[in-house]
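Enquirer: Enclosed is the structure file final_34.pdb (PDB, C-alpha atoms).
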MODEL        1
ATOM      1  CA  MET D 845      95.622  87.904  66.742  1.00  0.00           C
ATOM      2  CA  LEU D 846      95.292  90.015  69.832  1.00  0.00           C
ATOM      3  CA  THR D 847      98.040  89.851  72.395  1.00  0.00           C
ATOM      4  CA  ILE D 848      97.709  91.405  75.811  1.00  0.00           C
ATOM      5  CA  LEU D 849     101.062  92.710  76.946  1.00  0.00           C
ATOM      6  CA  LEU D 850     101.341  93.618  80.579  1.00  0.00           C
ATOM      7  CA  LYS D 851     104.467  95.673  80.843  1.00  0.00           C
ATOM      8  CA  GLY D 852     106.862  94.486  83.466  1.00  0.00           C
ATOM      9  CA  ILE D 853     105.750  90.867  83.201  1.00  0.00           C
ATOM     10  CA  SER D 854     107.192  90.203  79.756  1.00  0.00           C
ATOM     11  CA  ARG D 855     110.506  91.839  80.667  1.00  0.00           C
ATOM     12  CA  TYR D 856     110.796  90.194  84.045  1.00  0.00           C
ATOM     13  CA  ARG D 857     114.251  90.273  85.618  1.00  0.00           C
ATOM     14  CA  PRO D 858     114.841  89.106  89.168  1.00  0.00           C
ATOM     15  CA  LEU D 859     116.080  91.743  91.591  1.00  0.00           C
ATOM     16  CA  PHE D 860     117.773  89.223  93.850  1.00  0.00           C
ATOM     17  CA  THR D 861     119.308  85.833  93.256  1.00  0.00           C
ATOM     18  CA  GLY D 862     120.355  83.150  95.670  1.00  0.00           C
ATOM     19  CA  LYS D 863     120.372  79.482  96.546  1.00  0.00           C
ATOM     20  CA  ASN D 864     116.954  79.422  98.253  1.00  0.00           C
ATOM     21  CA  MET D 865     115.292  82.120  96.164  1.00  0.00           C
ATOM     22  CA  TYR D 866     112.424  81.243  93.859  1.00  0.00           C
ATOM     23  CA  HIS D 867     111.045  83.766  91.426  1.00  0.00           C
ATOM     24  CA  ILE D 868     107.377  83.665  90.520  1.00  0.00           C
ATOM     25  CA  HIS D 869     105.368  85.312  87.793  1.00  0.00           C
ATOM     26  CA  PRO D 870     102.043  86.727  88.943  1.00  0.00           C
ATOM     27  CA  ASP D 871      98.792  85.735  87.278  1.00  0.00           C
ATOM     28  CA  ARG D 872      97.735  88.200  84.547  1.00  0.00           C
ATOM     29  CA  ARG D 873      94.676  89.276  86.552  1.00  0.00           C
ATOM     30  CA  PHE D 874      96.866  90.167  89.506  1.00  0.00           C
ATOM     31  CA  ALA D 875      99.324  91.938  87.223  1.00  0.00           C
ATOM     32  CA  PHE D 876      96.528  94.024  85.674  1.00  0.00           C
ATOM     33  CA  ALA D 877      95.046  94.959  89.048  1.00  0.00           C
ATOM     34  CA  ALA D 878      98.473  95.859  90.456  1.00  0.00           C
ATOM     35  CA  TRP D 879      99.353  97.899  87.359  1.00  0.00           C
ATOM     36  CA  LEU D 880      96.088  99.809  87.587  1.00  0.00           C
ATOM     37  CA  LYS D 881      96.025 100.434  91.326  1.00  0.00           C
ATOM     38  CA  LEU D 882      99.618 100.565  92.471  1.00  0.00           C
ATOM     39  CA  LYS D 883     101.328 101.995  89.442  1.00  0.00           C
ATOM     40  CA  LYS D 884      99.158 104.068  87.154  1.00  0.00           C
ATOM     41  CA  ARG D 885      96.501 105.465  89.495  1.00  0.00           C
ATOM     42  CA  ALA D 886      99.100 106.232  92.161  1.00  0.00           C
ATOM     43  CA  GLU D 887     101.443 107.854  89.593  1.00  0.00           C
ATOM     44  CA  LYS D 888      98.670 110.124  88.398  1.00  0.00           C
ATOM     45  CA  GLY D 889      97.543 110.937  91.928  1.00  0.00           C
ATOM     46  CA  LEU D 890      93.964 109.925  91.163  1.00  0.00           C
ATOM     47  CA  SER D 891      91.413 108.758  93.666  1.00  0.00           C
ATOM     48  CA  GLN D 892      89.129 105.911  92.615  1.00  0.00           C
ATOM     49  CA  LYS D 893      86.292 108.406  92.338  1.00  0.00           C
ATOM     50  CA  LYS D 894      88.250 110.703  89.995  1.00  0.00           C
ATOM     51  CA  ALA D 895      89.443 107.752  87.858  1.00  0.00           C
ATOM     52  CA  VAL D 896      85.842 106.575  87.506  1.00  0.00           C
ATOM     53  CA  GLU D 897      84.715 110.032  86.398  1.00  0.00           C
ATOM     54  CA  LEU D 898      87.458 110.258  83.763  1.00  0.00           C
ATOM     55  CA  MET D 899      86.744 106.770  82.397  1.00  0.00           C
ATOM     56  CA  GLY D 900      82.975 107.091  82.362  1.00  0.00           C
ATOM     57  CA  ILE D 901      82.319 103.793  84.149  1.00  0.00           C
ATOM     58  CA  ASN D 902      80.535 103.039  87.393  1.00  0.00           C
ATOM     59  CA  PHE D 903      82.356 102.881  90.715  1.00  0.00           C
ATOM     60  CA  GLN D 904      81.618  99.211  91.469  1.00  0.00           C
ATOM     61  CA  SER D 905      83.015  98.113  88.111  1.00  0.00           C
ATOM     62  CA  TYR D 906      86.214 100.049  88.675  1.00  0.00           C
ATOM     63  CA  GLN D 907      86.663  98.490  92.109  1.00  0.00           C
ATOM     64  CA  LYS D 908      86.446  95.055  90.472  1.00  0.00           C
ATOM     65  CA  TYR D 909      89.294  95.950  88.101  1.00  0.00           C
ATOM     66  CA  GLU D 910      91.565  96.840  91.012  1.00  0.00           C
ATOM     67  CA  ASN D 911      90.794  93.543  92.771  1.00  0.00           C
ATOM     68  CA  PRO D 912      92.966  90.654  91.477  1.00  0.00           C
ATOM     69  CA  LYS D 913      90.170  88.136  92.153  1.00  0.00           C
ATOM     70  CA  THR D 914      87.654  89.959  89.972  1.00  0.00           C
ATOM     71  CA  ALA D 915      89.776  91.900  87.439  1.00  0.00           C
ATOM     72  CA  ASN D 916      88.356  90.939  84.046  1.00  0.00           C
ATOM     73  CA  PRO D 917      87.722  94.107  82.023  1.00  0.00           C
ATOM     74  CA  THR D 918      86.320  94.089  78.494  1.00  0.00           C
ATOM     75  CA  LEU D 919      88.389  95.389  75.585  1.00  0.00           C
ATOM     76  CA  LYS D 920      86.264  98.525  75.503  1.00  0.00           C
ATOM     77  CA  THR D 921      87.008  99.170  79.181  1.00  0.00           C
ATOM     78  CA  ILE D 922      90.725  98.506  78.663  1.00  0.00           C
ATOM     79  CA  GLU D 923      90.693 101.149  75.907  1.00  0.00           C
ATOM     80  CA  ARG D 924      89.089 103.645  78.311  1.00  0.00           C
ATOM     81  CA  ILE D 925      91.659 102.829  80.985  1.00  0.00           C
ATOM     82  CA  GLU D 926      94.513 103.231  78.490  1.00  0.00           C
ATOM     83  CA  LYS D 927      93.194 106.615  77.402  1.00  0.00           C
ATOM     84  CA  VAL D 928      92.950 107.944  80.963  1.00  0.00           C
ATOM     85  CA  MET D 929      96.235 106.438  82.154  1.00  0.00           C
ATOM     86  CA  GLY D 930      98.153 107.412  79.018  1.00  0.00           C
ATOM     87  CA  GLU D 931      99.744 104.000  78.452  1.00  0.00           C
ATOM     88  CA  ALA D 932      98.844 101.223  76.027  1.00  0.00           C
ATOM     89  CA  LEU D 933      98.297  97.691  77.294  1.00  0.00           C
ATOM     90  CA  LEU D 934      97.082  96.124  74.069  1.00  0.00           C
ATOM     91  CA  THR D 935      99.135  95.372  71.000  1.00  0.00           C
ATOM     92  CA  ILE D 936      97.614  93.949  67.847  1.00  0.00           C
TER      93      ILE D 936
ENDMDL
END
Rewrite the coordinates I just gave you, this time as structure tokens.

Expert:
Amino acid sequence: MLTILLKGISRYRPLFTGKNMYHIHPDRRFAFAAWLKLKKRAEKGLSQKKAVELMGINFQSYQKYENPKTANPTLKTIERIEKVMGEALLTI
């Protein structure tokens, strides 16, 4: 069985608590897009163009992965992303 583990979602802890505070869990597509764009690419200081070159995919496809509405990469693409970003997303 293949389980996709998006780090940060499975170990969710609220930063703030209060009477009128409601904590939500983002959709997995949003979590993937945010992880890719806001965390990993920014940490590595990569532009979209440089990330595309390192992964060996086309620019339009990469833009889809960073968009929460269209983020739906194949397993092969996730493996490429993991290799470039240096962090595993998939556990088997």

Enquirer: If I take CA of Leu898 in chain D and CA of Val928 in chain D, how far is one from the other in Å, to one decimal?

Expert: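 Those two atoms sit 6.6 Å apart.
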
Enquirer: Could you please determine the separation between CA of Leu880 in chain D and CA of Glu910 in chain D in Å, to one decimal place?

Expert: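 CA of Glu910 in chain D lies 6.4 Å from CA of Leu880 in chain D.
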
Enquirer: Grab the CA of Lys888 in chain D to CA of Asp871 in chain D distance for me, in Å with one decimal place.

Expert: 24.4 Å

Enquirer: Run the PyMOL selection byres ((chain D and resi 924) around 12) on the file and write out the hits as a PyMOL selection string.

Expert: chain D and resi 895-901+906+917-923+925-934

Enquirer: Taking the file as shown, find all residues satisfying the PyMOL selection byres ((chain D and resi 911) around 9) and write them as a compact mmCIF listing (two decimals) with C-alpha atoms, keeping the file's coordinate frame.

Expert:
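The file below, result_12.txt, is the result:
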# COMPACT_ATOMS: atom_id res chain seq x y z
CA ARG D 873 94.68 89.28 86.55
CA PHE D 874 96.87 90.17 89.51
CA ALA D 877 95.05 94.96 89.05
CA ALA D 878 98.47 95.86 90.46
CA LYS D 881 96.02 100.43 91.33
CA TYR D 906 86.21 100.05 88.68
CA GLN D 907 86.66 98.49 92.11
CA LYS D 908 86.45 95.06 90.47
CA TYR D 909 89.29 95.95 88.10
CA GLU D 910 91.56 96.84 91.01
CA PRO D 912 92.97 90.65 91.48
CA LYS D 913 90.17 88.14 92.15
CA THR D 914 87.65 89.96 89.97
CA ALA D 915 89.78 91.90 87.44

Enquirer: Would you compute the box with edges along x, y and z of the file around range 905-916 of chain D, including every atom the file lists for it and 6 Å extra on each side, and give its centre and edge lengths in Å to one decimal, as JSON?

Expert:
{"center_x": 88.0, "center_y": 94.1, "center_z": 88.4, "size_x": 22.0, "size_y": 23.9, "size_z": 20.7}
